[in-house]
file final03.cif (mmCIF, N, CA and C atoms)
data_run
loop_
_atom_site.label_atom_id
_atom_site.label_comp_id
_atom_site.auth_asym_id
_atom_site.auth_seq_id
_atom_site.Cartn_x
_atom_site.Cartn_y
_atom_site.Cartn_z
N MET B 1 -14.99 -14.33 3.94
CA MET B 1 -13.57 -14.31 3.77
C MET B 1 -12.84 -14.74 5.02
N SER B 2 -13.46 -15.44 5.90
CA SER B 2 -12.78 -15.91 7.10
C SER B 2 -12.16 -17.27 6.83
N CYS B 3 -11.12 -17.29 6.02
CA CYS B 3 -10.48 -18.52 5.58
C CYS B 3 -9.26 -18.88 6.41
N GLY B 4 -8.92 -18.07 7.38
CA GLY B 4 -7.80 -18.37 8.23
C GLY B 4 -6.45 -17.96 7.69
N SER B 5 -6.43 -17.22 6.57
CA SER B 5 -5.16 -16.73 6.05
C SER B 5 -5.40 -15.44 5.27
N SER B 6 -4.34 -14.67 5.15
CA SER B 6 -4.36 -13.48 4.32
C SER B 6 -3.69 -13.89 3.01
N GLY B 7 -4.40 -13.75 1.91
CA GLY B 7 -3.87 -14.31 0.67
C GLY B 7 -3.70 -13.34 -0.46
N TRP B 8 -2.95 -13.79 -1.45
CA TRP B 8 -2.81 -13.10 -2.71
C TRP B 8 -3.00 -14.14 -3.80
N LEU B 9 -3.29 -13.67 -5.00
CA LEU B 9 -3.56 -14.56 -6.12
C LEU B 9 -2.28 -15.02 -6.79
N VAL B 10 -2.29 -16.26 -7.23
CA VAL B 10 -1.19 -16.80 -8.01
C VAL B 10 -1.58 -16.70 -9.48
N PRO B 11 -0.77 -16.23 -10.39
CA PRO B 11 0.56 -15.67 -10.13
C PRO B 11 0.42 -14.29 -9.49
N SER B 12 1.41 -13.88 -8.76
CA SER B 12 1.30 -12.64 -7.99
C SER B 12 1.72 -11.42 -8.81
N THR B 13 1.03 -11.20 -9.91
CA THR B 13 1.34 -10.06 -10.78
C THR B 13 0.34 -8.92 -10.62
N GLN B 14 -0.71 -9.12 -9.84
CA GLN B 14 -1.73 -8.10 -9.69
C GLN B 14 -1.23 -6.98 -8.78
N ARG B 15 -1.57 -5.76 -9.20
CA ARG B 15 -1.22 -4.57 -8.43
C ARG B 15 -2.48 -3.77 -8.16
N SER B 16 -2.44 -3.02 -7.09
CA SER B 16 -3.57 -2.21 -6.69
C SER B 16 -3.28 -0.74 -6.93
N LYS B 17 -4.33 0.02 -7.21
CA LYS B 17 -4.20 1.47 -7.32
C LYS B 17 -3.93 2.08 -5.95
N ALA B 18 -4.44 1.44 -4.93
CA ALA B 18 -4.19 1.87 -3.57
C ALA B 18 -4.60 3.32 -3.32
N ILE B 19 -5.84 3.64 -3.61
CA ILE B 19 -6.34 4.99 -3.35
C ILE B 19 -6.83 5.04 -1.91
N LEU B 20 -6.27 5.94 -1.15
CA LEU B 20 -6.70 6.13 0.23
C LEU B 20 -7.89 7.06 0.25
N LYS B 21 -8.86 6.77 1.10
CA LYS B 21 -10.07 7.60 1.15
C LYS B 21 -9.75 9.05 1.49
N THR B 22 -8.68 9.28 2.22
CA THR B 22 -8.33 10.65 2.58
C THR B 22 -7.74 11.43 1.42
N ALA B 23 -7.31 10.75 0.35
CA ALA B 23 -6.72 11.44 -0.80
C ALA B 23 -7.76 11.84 -1.82
N ILE B 24 -8.95 11.30 -1.74
CA ILE B 24 -9.95 11.51 -2.78
C ILE B 24 -10.66 12.87 -2.71
N PRO B 25 -11.15 13.34 -1.59
CA PRO B 25 -12.00 14.54 -1.60
C PRO B 25 -11.38 15.77 -2.26
N ALA B 26 -10.18 16.17 -1.91
CA ALA B 26 -9.60 17.38 -2.49
C ALA B 26 -9.42 17.24 -3.99
N SER B 27 -8.99 16.08 -4.43
CA SER B 27 -8.80 15.86 -5.86
C SER B 27 -10.12 15.86 -6.59
N ALA B 28 -11.13 15.27 -6.01
CA ALA B 28 -12.44 15.23 -6.65
C ALA B 28 -13.02 16.63 -6.78
N VAL B 29 -12.84 17.44 -5.78
CA VAL B 29 -13.33 18.82 -5.83
C VAL B 29 -12.61 19.58 -6.94
N ARG B 30 -11.30 19.41 -7.02
CA ARG B 30 -10.54 20.10 -8.08
C ARG B 30 -10.98 19.63 -9.46
N LEU B 31 -11.23 18.35 -9.60
CA LEU B 31 -11.69 17.82 -10.89
C LEU B 31 -13.03 18.42 -11.27
N ALA B 32 -13.95 18.47 -10.31
CA ALA B 32 -15.30 18.97 -10.59
C ALA B 32 -15.30 20.47 -10.86
N ALA B 33 -14.46 21.21 -10.17
CA ALA B 33 -14.45 22.67 -10.30
C ALA B 33 -13.62 23.15 -11.49
N GLY B 34 -12.66 22.35 -11.91
CA GLY B 34 -11.75 22.77 -12.98
C GLY B 34 -12.35 22.65 -14.35
N SER B 35 -11.75 23.33 -15.28
CA SER B 35 -12.15 23.25 -16.67
C SER B 35 -11.27 22.23 -17.38
N PRO B 36 -11.85 21.13 -17.88
CA PRO B 36 -11.03 20.12 -18.54
C PRO B 36 -10.31 20.65 -19.78
N THR B 37 -9.11 20.23 -19.95
CA THR B 37 -8.36 20.59 -21.14
C THR B 37 -8.46 19.43 -22.12
N PRO B 38 -8.15 19.63 -23.39
CA PRO B 38 -8.18 18.50 -24.33
C PRO B 38 -7.32 17.34 -23.86
N ARG B 39 -6.15 17.61 -23.29
CA ARG B 39 -5.30 16.53 -22.80
C ARG B 39 -5.98 15.78 -21.67
N TRP B 40 -6.69 16.48 -20.84
CA TRP B 40 -7.40 15.87 -19.71
C TRP B 40 -8.41 14.85 -20.23
N ARG B 41 -9.09 15.20 -21.32
CA ARG B 41 -10.12 14.31 -21.86
C ARG B 41 -9.52 13.06 -22.51
N SER B 42 -8.27 13.12 -22.94
CA SER B 42 -7.70 12.01 -23.70
C SER B 42 -6.89 11.03 -22.86
N ALA B 43 -6.62 11.34 -21.61
CA ALA B 43 -5.80 10.45 -20.78
C ALA B 43 -6.42 10.32 -19.40
N PRO B 44 -6.22 9.18 -18.76
CA PRO B 44 -6.81 8.99 -17.44
C PRO B 44 -6.09 9.82 -16.38
N ALA B 45 -6.87 10.31 -15.43
CA ALA B 45 -6.31 11.02 -14.29
C ALA B 45 -6.64 10.20 -13.05
N SER B 46 -5.80 10.27 -12.07
CA SER B 46 -6.00 9.47 -10.88
C SER B 46 -5.39 10.18 -9.67
N ALA B 47 -6.00 9.99 -8.52
CA ALA B 47 -5.49 10.58 -7.28
C ALA B 47 -4.84 9.49 -6.44
N VAL B 48 -3.76 8.93 -6.95
CA VAL B 48 -3.04 7.88 -6.22
C VAL B 48 -1.62 8.33 -5.95
N ALA B 49 -1.12 7.95 -4.80
CA ALA B 49 0.29 8.19 -4.51
C ALA B 49 1.06 6.93 -4.87
N ASP B 50 0.50 5.78 -4.53
CA ASP B 50 1.09 4.49 -4.86
C ASP B 50 0.62 4.12 -6.26
N GLU B 51 1.54 3.82 -7.14
CA GLU B 51 1.17 3.59 -8.53
C GLU B 51 1.14 2.13 -8.94
N GLY B 52 1.11 1.23 -8.03
CA GLY B 52 1.05 -0.18 -8.37
C GLY B 52 1.58 -1.04 -7.24
N VAL B 53 0.86 -1.13 -6.17
CA VAL B 53 1.28 -1.90 -5.00
C VAL B 53 0.95 -3.37 -5.23
N PRO B 54 1.92 -4.26 -5.14
CA PRO B 54 1.62 -5.69 -5.31
C PRO B 54 0.62 -6.16 -4.23
N LEU B 55 -0.39 -6.92 -4.68
CA LEU B 55 -1.38 -7.43 -3.73
C LEU B 55 -0.73 -8.31 -2.66
N ARG B 56 0.35 -8.97 -3.02
CA ARG B 56 1.06 -9.78 -2.04
C ARG B 56 1.55 -8.93 -0.88
N ALA B 57 2.07 -7.73 -1.16
CA ALA B 57 2.56 -6.84 -0.11
C ALA B 57 1.42 -6.42 0.82
N ILE B 58 0.24 -6.17 0.25
CA ILE B 58 -0.93 -5.81 1.06
C ILE B 58 -1.33 -6.99 1.93
N ALA B 59 -1.36 -8.19 1.36
CA ALA B 59 -1.72 -9.40 2.11
C ALA B 59 -0.73 -9.63 3.25
N GLU B 60 0.55 -9.37 3.03
CA GLU B 60 1.56 -9.58 4.07
C GLU B 60 1.35 -8.64 5.25
N VAL B 61 1.03 -7.39 4.98
CA VAL B 61 0.79 -6.43 6.07
C VAL B 61 -0.47 -6.83 6.84
N ILE B 62 -1.53 -7.18 6.13
CA ILE B 62 -2.78 -7.58 6.79
C ILE B 62 -2.55 -8.83 7.63
N GLY B 63 -1.89 -9.83 7.06
CA GLY B 63 -1.61 -11.06 7.81
C GLY B 63 -0.79 -10.79 9.05
N GLY B 64 0.20 -9.92 8.93
CA GLY B 64 1.03 -9.59 10.09
C GLY B 64 0.24 -8.95 11.22
N HIS B 65 -0.67 -8.04 10.88
CA HIS B 65 -1.45 -7.36 11.91
C HIS B 65 -2.53 -8.24 12.52
N LEU B 66 -3.03 -9.19 11.75
CA LEU B 66 -4.09 -10.06 12.25
C LEU B 66 -3.56 -11.42 12.73
N ASN B 67 -2.23 -11.55 12.76
CA ASN B 67 -1.61 -12.81 13.16
C ASN B 67 -2.13 -13.99 12.35
N LEU B 68 -2.24 -13.78 11.06
CA LEU B 68 -2.69 -14.83 10.14
C LEU B 68 -1.53 -15.26 9.25
N PRO B 69 -1.51 -16.53 8.87
CA PRO B 69 -0.51 -16.92 7.89
C PRO B 69 -0.83 -16.24 6.55
N VAL B 70 0.21 -15.97 5.79
CA VAL B 70 0.04 -15.35 4.48
C VAL B 70 0.28 -16.44 3.44
N ALA B 71 -0.67 -16.57 2.51
CA ALA B 71 -0.60 -17.70 1.58
C ALA B 71 -0.94 -17.28 0.16
N ALA B 72 -0.30 -17.95 -0.79
CA ALA B 72 -0.66 -17.81 -2.19
C ALA B 72 -1.94 -18.61 -2.42
N ILE B 73 -2.89 -18.00 -3.10
CA ILE B 73 -4.17 -18.66 -3.38
C ILE B 73 -4.20 -19.07 -4.85
N ALA B 74 -4.34 -20.35 -5.08
CA ALA B 74 -4.37 -20.88 -6.46
C ALA B 74 -5.61 -20.38 -7.19
N PRO B 75 -5.52 -20.23 -8.51
CA PRO B 75 -6.66 -19.72 -9.28
C PRO B 75 -7.97 -20.46 -9.02
N GLU B 76 -7.91 -21.77 -8.85
CA GLU B 76 -9.16 -22.53 -8.63
C GLU B 76 -9.74 -22.31 -7.24
N ASP B 77 -8.99 -21.71 -6.32
CA ASP B 77 -9.47 -21.47 -4.96
C ASP B 77 -9.80 -20.01 -4.66
N VAL B 78 -9.58 -19.14 -5.64
CA VAL B 78 -9.75 -17.70 -5.42
C VAL B 78 -11.18 -17.35 -5.02
N ALA B 79 -12.18 -17.86 -5.74
CA ALA B 79 -13.57 -17.51 -5.44
C ALA B 79 -13.97 -17.97 -4.04
N GLY B 80 -13.52 -19.11 -3.61
CA GLY B 80 -13.84 -19.60 -2.28
C GLY B 80 -13.16 -18.80 -1.18
N HIS B 81 -11.96 -18.33 -1.44
CA HIS B 81 -11.22 -17.59 -0.43
C HIS B 81 -11.69 -16.14 -0.33
N PHE B 82 -11.82 -15.47 -1.47
CA PHE B 82 -12.12 -14.04 -1.47
C PHE B 82 -13.60 -13.71 -1.70
N THR B 83 -14.43 -14.68 -2.02
CA THR B 83 -15.86 -14.53 -2.34
C THR B 83 -16.06 -13.37 -3.32
N TRP B 84 -16.88 -12.37 -2.97
CA TRP B 84 -17.25 -11.29 -3.89
C TRP B 84 -16.05 -10.44 -4.33
N LEU B 85 -15.01 -10.42 -3.56
CA LEU B 85 -13.84 -9.61 -3.88
C LEU B 85 -12.96 -10.25 -4.97
N ALA B 86 -13.15 -11.52 -5.23
CA ALA B 86 -12.29 -12.26 -6.17
C ALA B 86 -12.25 -11.62 -7.55
N SER B 87 -13.38 -11.18 -8.06
CA SER B 87 -13.39 -10.62 -9.42
C SER B 87 -12.60 -9.31 -9.51
N PHE B 88 -12.52 -8.56 -8.43
CA PHE B 88 -11.74 -7.32 -8.43
C PHE B 88 -10.25 -7.61 -8.28
N LEU B 89 -9.92 -8.57 -7.46
CA LEU B 89 -8.52 -8.87 -7.17
C LEU B 89 -7.79 -9.50 -8.35
N GLY B 90 -8.53 -10.07 -9.27
CA GLY B 90 -7.91 -10.69 -10.43
C GLY B 90 -7.46 -9.70 -11.48
N ILE B 91 -7.74 -8.45 -11.27
CA ILE B 91 -7.40 -7.41 -12.24
C ILE B 91 -6.09 -6.73 -11.84
N ASP B 92 -5.17 -6.65 -12.77
CA ASP B 92 -3.95 -5.88 -12.53
C ASP B 92 -4.33 -4.42 -12.76
N ALA B 93 -4.30 -3.61 -11.71
CA ALA B 93 -4.84 -2.26 -11.80
C ALA B 93 -3.87 -1.18 -11.32
N PRO B 94 -2.71 -1.09 -11.95
CA PRO B 94 -1.84 0.01 -11.57
C PRO B 94 -2.43 1.32 -12.09
N ALA B 95 -2.04 2.41 -11.51
CA ALA B 95 -2.52 3.73 -11.95
C ALA B 95 -1.38 4.72 -11.78
N SER B 96 -1.49 5.80 -12.49
CA SER B 96 -0.50 6.86 -12.37
C SER B 96 -1.20 8.18 -12.10
N SER B 97 -0.61 8.96 -11.24
CA SER B 97 -1.16 10.27 -10.95
C SER B 97 -0.37 11.37 -11.66
N ALA B 98 0.48 11.01 -12.61
CA ALA B 98 1.32 12.01 -13.29
C ALA B 98 0.48 13.11 -13.93
N LEU B 99 -0.60 12.76 -14.62
CA LEU B 99 -1.44 13.76 -15.27
C LEU B 99 -2.16 14.62 -14.23
N THR B 100 -2.67 13.99 -13.18
CA THR B 100 -3.35 14.73 -12.12
C THR B 100 -2.38 15.73 -11.47
N ARG B 101 -1.18 15.28 -11.22
CA ARG B 101 -0.17 16.16 -10.61
C ARG B 101 0.16 17.33 -11.53
N GLU B 102 0.31 17.04 -12.82
CA GLU B 102 0.68 18.07 -13.78
C GLU B 102 -0.44 19.10 -13.98
N LEU B 103 -1.66 18.63 -14.22
CA LEU B 103 -2.75 19.54 -14.55
C LEU B 103 -3.36 20.26 -13.35
N LEU B 104 -3.35 19.59 -12.21
CA LEU B 104 -4.00 20.19 -11.04
C LEU B 104 -3.01 20.63 -9.97
N GLY B 105 -1.75 20.31 -10.16
CA GLY B 105 -0.77 20.66 -9.13
C GLY B 105 -0.96 19.85 -7.86
N TRP B 106 -1.62 18.70 -7.99
CA TRP B 106 -1.90 17.85 -6.82
C TRP B 106 -0.65 17.10 -6.41
N GLN B 107 -0.42 17.03 -5.13
CA GLN B 107 0.68 16.23 -4.58
C GLN B 107 0.12 15.41 -3.42
N PRO B 108 0.44 14.12 -3.36
CA PRO B 108 -0.04 13.31 -2.24
C PRO B 108 0.59 13.79 -0.93
N VAL B 109 -0.24 13.86 0.09
CA VAL B 109 0.25 14.29 1.40
C VAL B 109 0.07 13.22 2.46
N HIS B 110 -0.65 12.17 2.12
CA HIS B 110 -0.92 11.10 3.07
C HIS B 110 0.03 9.93 2.80
N PRO B 111 0.19 9.06 3.78
CA PRO B 111 1.08 7.91 3.57
C PRO B 111 0.53 6.97 2.49
N GLY B 112 1.42 6.19 1.91
CA GLY B 112 1.00 5.17 0.95
C GLY B 112 0.24 4.07 1.68
N ILE B 113 -0.37 3.18 0.91
CA ILE B 113 -1.24 2.17 1.52
C ILE B 113 -0.49 1.22 2.45
N ILE B 114 0.72 0.83 2.11
CA ILE B 114 1.47 -0.08 2.98
C ILE B 114 1.80 0.61 4.29
N ASP B 115 2.30 1.83 4.24
CA ASP B 115 2.61 2.57 5.47
C ASP B 115 1.34 2.81 6.29
N ASP B 116 0.24 3.14 5.60
CA ASP B 116 -1.01 3.40 6.30
C ASP B 116 -1.54 2.14 6.98
N LEU B 117 -1.54 1.02 6.27
CA LEU B 117 -1.98 -0.25 6.86
C LEU B 117 -1.06 -0.65 8.02
N ASP B 118 0.22 -0.41 7.86
CA ASP B 118 1.19 -0.83 8.87
C ASP B 118 1.03 -0.07 10.19
N LYS B 119 0.38 1.09 10.16
CA LYS B 119 0.14 1.83 11.41
C LYS B 119 -0.84 1.09 12.30
N GLY B 120 -1.63 0.19 11.73
CA GLY B 120 -2.48 -0.70 12.51
C GLY B 120 -3.86 -0.18 12.87
N HIS B 121 -4.21 1.05 12.53
CA HIS B 121 -5.50 1.56 12.97
C HIS B 121 -6.70 0.93 12.25
N TYR B 122 -6.46 0.15 11.21
CA TYR B 122 -7.56 -0.57 10.54
C TYR B 122 -7.89 -1.89 11.26
N PHE B 123 -7.07 -2.29 12.19
CA PHE B 123 -7.18 -3.63 12.77
C PHE B 123 -7.63 -3.62 14.21
N HIS B 124 -8.06 -2.50 14.74
CA HIS B 124 -8.52 -2.43 16.13
C HIS B 124 -10.01 -2.72 16.21
N GLY B 125 -10.40 -3.33 17.32
CA GLY B 125 -11.80 -3.55 17.62
C GLY B 125 -12.47 -4.47 16.73
#

call {"tool": "encode", "arguments": {"input": "final03.cif", "output": "structure tokens"}}
result
Amino acid sequence: MSCGSSGWLVPSTQRSKAILKTAIPASAVRLAAGSPTPRWRSAPASAVADEGVPLRAIAEVIGGHLNLPVAAIAPEDVAGHFTWLASFLGIDAPASSALTRELLGWQPVHPGIIDDLDKGHYFHG
């Protein structure tokens, strides 16, 4: 993926669930320890604070921190630019934590993905 730019797919309709690794453990423990209710079984639950971050916004933050140009990547160039990640990035994957919040009383306490990326600690060294 060293293509010299931080990119997003055209058309830019794809969104990310943006699950931060720090948000997963407590929610996973609650899920495993809790007793599922019928509603729990019928609807998806998710531990996300951001419910649909545009991939373009993520590419812009990454490009800014790495001093890379940010570019739209045409469909025919996606596999060459993103290699193995291309198949995942082509999926519009918004998520909602409404059910998780309701059933488990979970509330996000960590920053969203854009704020977290913007702090810059992923780009050192």

call {"tool": "resolve_selection", "arguments": {"input": "final03.cif", "expression": "the PyMOL selection byres ((chain B and resi 77-80) around 8)", "output": "VMD selection string"}}
result
chain B and resid 1 to 3 8 to 10 73 to 76 81 to 87

call {"tool": "closest_residue", "arguments": {"input": "final03.cif", "among": "B:Leu104, B:Asp115, B:Gly7, B:Val109", "to": "B:Arg56", "atoms": "all atoms listed in the file"}}
result
B:Gly7

call {"tool": "resolve_selection", "arguments": {"input": "final03.cif", "expression": "the PyMOL selection byres (((chain B and resi 112 and name CA) around 8) and name CA)", "output": "list in words"}}
result
Ala18, Leu20, Ala49, Asp50, His110, Pro111, Ile113, Ile114, Asp115 and Asp116 of chain B

call {"tool": "write_last_selection", "arguments": {"input": "final03.cif", "atoms": "N, CA and C atoms", "output": "compact mmCIF listing (two decimals), in the coordinates of the input"}}
result
# COMPACT_ATOMS: atom_id res chain seq x y z
N ALA B 18 -4.44 1.44 -4.93
CA ALA B 18 -4.19 1.87 -3.57
C ALA B 18 -4.60 3.32 -3.32
N LEU B 20 -6.27 5.94 -1.15
CA LEU B 20 -6.70 6.13 0.23
C LEU B 20 -7.89 7.06 0.25
N ALA B 49 -1.12 7.95 -4.80
CA ALA B 49 0.29 8.19 -4.51
C ALA B 49 1.06 6.93 -4.87
N ASP B 50 0.50 5.78 -4.53
CA ASP B 50 1.09 4.49 -4.86
C ASP B 50 0.62 4.12 -6.26
N HIS B 110 -0.65 12.17 2.12
CA HIS B 110 -0.92 11.10 3.07
C HIS B 110 0.03 9.93 2.80
N PRO B 111 0.19 9.06 3.78
CA PRO B 111 1.08 7.91 3.57
C PRO B 111 0.53 6.97 2.49
N ILE B 113 -0.37 3.18 0.91
CA ILE B 113 -1.24 2.17 1.52
C ILE B 113 -0.49 1.22 2.45
N ILE B 114 0.72 0.83 2.11
CA ILE B 114 1.47 -0.08 2.98
C ILE B 114 1.80 0.61 4.29
N ASP B 115 2.30 1.83 4.24
CA ASP B 115 2.61 2.57 5.47
C ASP B 115 1.34 2.81 6.29
N ASP B 116 0.24 3.14 5.60
CA ASP B 116 -1.01 3.40 6.30
C ASP B 116 -1.54 2.14 6.98

call {"tool": "atom_distance", "arguments": {"input": "final03.cif", "atom1": "atom CA of B:Leu68", "atom2": "atom CA of B:Leu55"}}
result
15.8 Å

call {"tool": "atom_distance", "arguments": {"input": "final03.cif", "atom1": "atom CA of B:Gly63", "atom2": "atom CA of B:Ser96"}}
result
27.0 Å

call {"tool": "atom_distance", "arguments": {"input": "final03.cif", "atom1": "atom C of B:Ile58", "atom2": "atom N of B:Pro11"}}
result
15.4 Å

call {"tool": "residues_near_point", "arguments": {"input": "final03.cif", "point": "(-2.7, -13.7, 8.9)", "cutoff": "5 Å", "atoms": "all atoms listed in the file", "output": "MDAnalysis selection string"}}
result
chainID B and resid 5:6 63:64 66:70

call {"tool": "resolve_selection", "arguments": {"input": "final03.cif", "expression": "the PyMOL selection byres (((chain B and resi 123 and name CA) around 9) and name CA)", "output": "number ranges by chain"}}
result
B: 62, 65-66, 117, 120-122, 124-125
